[in-house]
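*Asks:* For reference, the structure I am asking about is given below.
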Amino acid sequence: MATKASILAEIAEIDTALSHIRKGGQSYTINSGPSGTSRTVTMADYDTLKAHRDELKQQYNELNETRAFRVRSGW
């Protein structure tokens, strides 16, 4: 089972990766030499990283036994 510290460390890594993707884009093209060949490199998927971060936050909240809930107003 994951510890709170390991979950927080992984969340921090994901936040860093998401920041890098936002700053530099998710893919780039490498052109090589006079032959004109090119390759496109795609970084980690932004939406997948966000979903994984949300799962980790949920695990962390479960370890802390905190759950978000909505209270209706008593009008």
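Please note that chains go A, B, ... in the order of the structure tokens, that every chain numbers its residues from 1, and that ligands are numbered from 1 in the order shown.
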From chain A, collect each residue whose DSSP state is helix (DSSP H, G or I) and return the set as an MDAnalysis selection string.
*Replies:* chainID A and resid 4:24 46:63
*Asks:* Could you write out the selected residues, including N, CA and C atoms, as a compact mmCIF listing (two decimals), in the first residue's frame?
*Replies:*
# COMPACT_ATOMS: atom_id res chain seq x y z
N LYS A 4 1.45 8.06 2.50
CA LYS A 4 1.06 9.44 2.22
C LYS A 4 2.19 10.18 1.53
N ALA A 5 3.42 9.97 2.01
CA ALA A 5 4.57 10.67 1.44
C ALA A 5 4.80 10.27 -0.01
N SER A 6 4.66 8.99 -0.33
CA SER A 6 4.88 8.56 -1.72
C SER A 6 3.78 9.09 -2.64
N ILE A 7 2.56 9.16 -2.13
CA ILE A 7 1.46 9.69 -2.94
C ILE A 7 1.69 11.18 -3.21
N LEU A 8 2.08 11.93 -2.17
CA LEU A 8 2.33 13.36 -2.35
C LEU A 8 3.50 13.60 -3.30
N ALA A 9 4.53 12.75 -3.23
CA ALA A 9 5.67 12.89 -4.14
C ALA A 9 5.25 12.65 -5.58
N GLU A 10 4.41 11.64 -5.79
CA GLU A 10 3.95 11.35 -7.15
C GLU A 10 3.04 12.46 -7.68
N ILE A 11 2.20 13.00 -6.81
CA ILE A 11 1.34 14.12 -7.21
C ILE A 11 2.21 15.31 -7.63
N ALA A 12 3.28 15.57 -6.88
CA ALA A 12 4.19 16.68 -7.21
C ALA A 12 4.85 16.45 -8.56
N GLU A 13 5.26 15.21 -8.84
CA GLU A 13 5.87 14.88 -10.14
C GLU A 13 4.87 15.10 -11.28
N ILE A 14 3.65 14.69 -11.07
CA ILE A 14 2.62 14.86 -12.10
C ILE A 14 2.35 16.34 -12.33
N ASP A 15 2.27 17.11 -11.24
CA ASP A 15 2.05 18.56 -11.38
C ASP A 15 3.18 19.20 -12.19
N THR A 16 4.41 18.76 -11.95
CA THR A 16 5.56 19.27 -12.71
C THR A 16 5.44 18.91 -14.18
N ALA A 17 5.07 17.66 -14.45
CA ALA A 17 4.92 17.21 -15.84
C ALA A 17 3.81 17.99 -16.54
N LEU A 18 2.70 18.21 -15.85
CA LEU A 18 1.60 18.98 -16.44
C LEU A 18 2.03 20.41 -16.74
N SER A 19 2.81 20.98 -15.85
CA SER A 19 3.32 22.34 -16.07
C SER A 19 4.22 22.39 -17.30
N HIS A 20 5.09 21.39 -17.45
CA HIS A 20 5.99 21.35 -18.61
C HIS A 20 5.19 21.19 -19.91
N ILE A 21 4.16 20.37 -19.87
CA ILE A 21 3.34 20.18 -21.07
C ILE A 21 2.64 21.48 -21.44
N ARG A 22 2.10 22.19 -20.42
CA ARG A 22 1.43 23.47 -20.69
C ARG A 22 2.40 24.49 -21.28
N LYS A 23 3.63 24.50 -20.82
CA LYS A 23 4.61 25.48 -21.29
C LYS A 23 5.18 25.14 -22.66
N GLY A 24 5.42 23.85 -22.90
CA GLY A 24 6.11 23.48 -24.12
C GLY A 24 5.31 22.69 -25.11
N TYR A 46 -1.79 14.60 -21.48
CA TYR A 46 -2.21 15.56 -20.46
C TYR A 46 -3.43 15.06 -19.68
N ASP A 47 -4.44 14.62 -20.39
CA ASP A 47 -5.67 14.17 -19.73
C ASP A 47 -5.45 12.91 -18.89
N THR A 48 -4.58 12.02 -19.36
CA THR A 48 -4.27 10.81 -18.60
C THR A 48 -3.56 11.18 -17.30
N LEU A 49 -2.62 12.12 -17.38
CA LEU A 49 -1.91 12.57 -16.18
C LEU A 49 -2.87 13.21 -15.18
N LYS A 50 -3.79 14.03 -15.68
CA LYS A 50 -4.76 14.66 -14.79
C LYS A 50 -5.64 13.61 -14.10
N ALA A 51 -6.08 12.62 -14.84
CA ALA A 51 -6.92 11.57 -14.28
C ALA A 51 -6.16 10.78 -13.21
N HIS A 52 -4.89 10.48 -13.49
CA HIS A 52 -4.08 9.74 -12.52
C HIS A 52 -3.86 10.58 -11.26
N ARG A 53 -3.63 11.89 -11.44
CA ARG A 53 -3.45 12.77 -10.28
C ARG A 53 -4.71 12.78 -9.42
N ASP A 54 -5.88 12.82 -10.06
CA ASP A 54 -7.13 12.80 -9.31
C ASP A 54 -7.31 11.50 -8.53
N GLU A 55 -6.90 10.39 -9.12
CA GLU A 55 -6.96 9.10 -8.43
C GLU A 55 -6.04 9.10 -7.21
N LEU A 56 -4.84 9.67 -7.39
CA LEU A 56 -3.90 9.73 -6.27
C LEU A 56 -4.43 10.62 -5.15
N LYS A 57 -5.06 11.72 -5.51
CA LYS A 57 -5.64 12.61 -4.50
C LYS A 57 -6.74 11.88 -3.74
N GLN A 58 -7.52 11.08 -4.44
CA GLN A 58 -8.57 10.31 -3.79
C GLN A 58 -7.97 9.30 -2.82
N GLN A 59 -6.90 8.61 -3.24
CA GLN A 59 -6.21 7.67 -2.35
C GLN A 59 -5.68 8.38 -1.11
N TYR A 60 -5.10 9.55 -1.32
CA TYR A 60 -4.55 10.32 -0.20
C TYR A 60 -5.66 10.71 0.77
N ASN A 61 -6.80 11.16 0.24
CA ASN A 61 -7.92 11.53 1.09
C ASN A 61 -8.46 10.33 1.86
N GLU A 62 -8.44 9.15 1.24
CA GLU A 62 -8.89 7.95 1.92
C GLU A 62 -7.94 7.58 3.05
N LEU A 63 -6.63 7.78 2.84
CA LEU A 63 -5.67 7.53 3.91
C LEU A 63 -5.87 8.49 5.08
*Asks:* What separation in Å, quoted to one decimal, exists between CA of Asp45 in chain A and CA of Ser32 in chain A?
*Replies:*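 CA of Asp45 in chain A sits 24.9 Å away from CA of Ser32 in chain A.
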*Asks:* Which parts of chain A does DSSP call strand (DSSP E or B) when run on the backbone here, written out as a list in words?
*Replies:*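 Answer for chain A restricted to strand (DSSP E or B) is Ser27, Tyr28, Thr29, Ile30, Asn31, Ser32, Thr37, Ser38, Arg39, Thr40, Val41 and Thr42 of chain A.
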*Asks:* Show me, as a list in words, the residues that have an atom within 7 Å of range 38-40 of chain A when counting only C-alpha atoms, minus same-chain residues fewer than 2 positions from it.
*Replies:* Ser27, Tyr28, Thr29, Ile30, Asn31, Ser32, Gly36 and Thr42 of chain A
*Asks:* Include C-alpha atoms and write out the residues we just selected as a JSON list (two decimals), in the first residue's frame.
*Replies:*
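Written output follows (part-v7.json):
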[["chain", "number", "residue", "atom", "x", "y", "z"],
["A", 27, "SER", "CA", 4.41, 17.08, -29.03],
["A", 28, "TYR", "CA", 7.21, 18.32, -31.22],
["A", 29, "THR", "CA", 8.76, 17.41, -34.56],
["A", 30, "ILE", "CA", 12.41, 16.62, -35.18],
["A", 31, "ASN", "CA", 13.72, 17.26, -38.69],
["A", 32, "SER", "CA", 16.85, 15.34, -39.53],
["A", 36, "GLY", "CA", 14.02, 15.87, -45.09],
["A", 42, "THR", "CA", 4.59, 13.01, -28.20]]
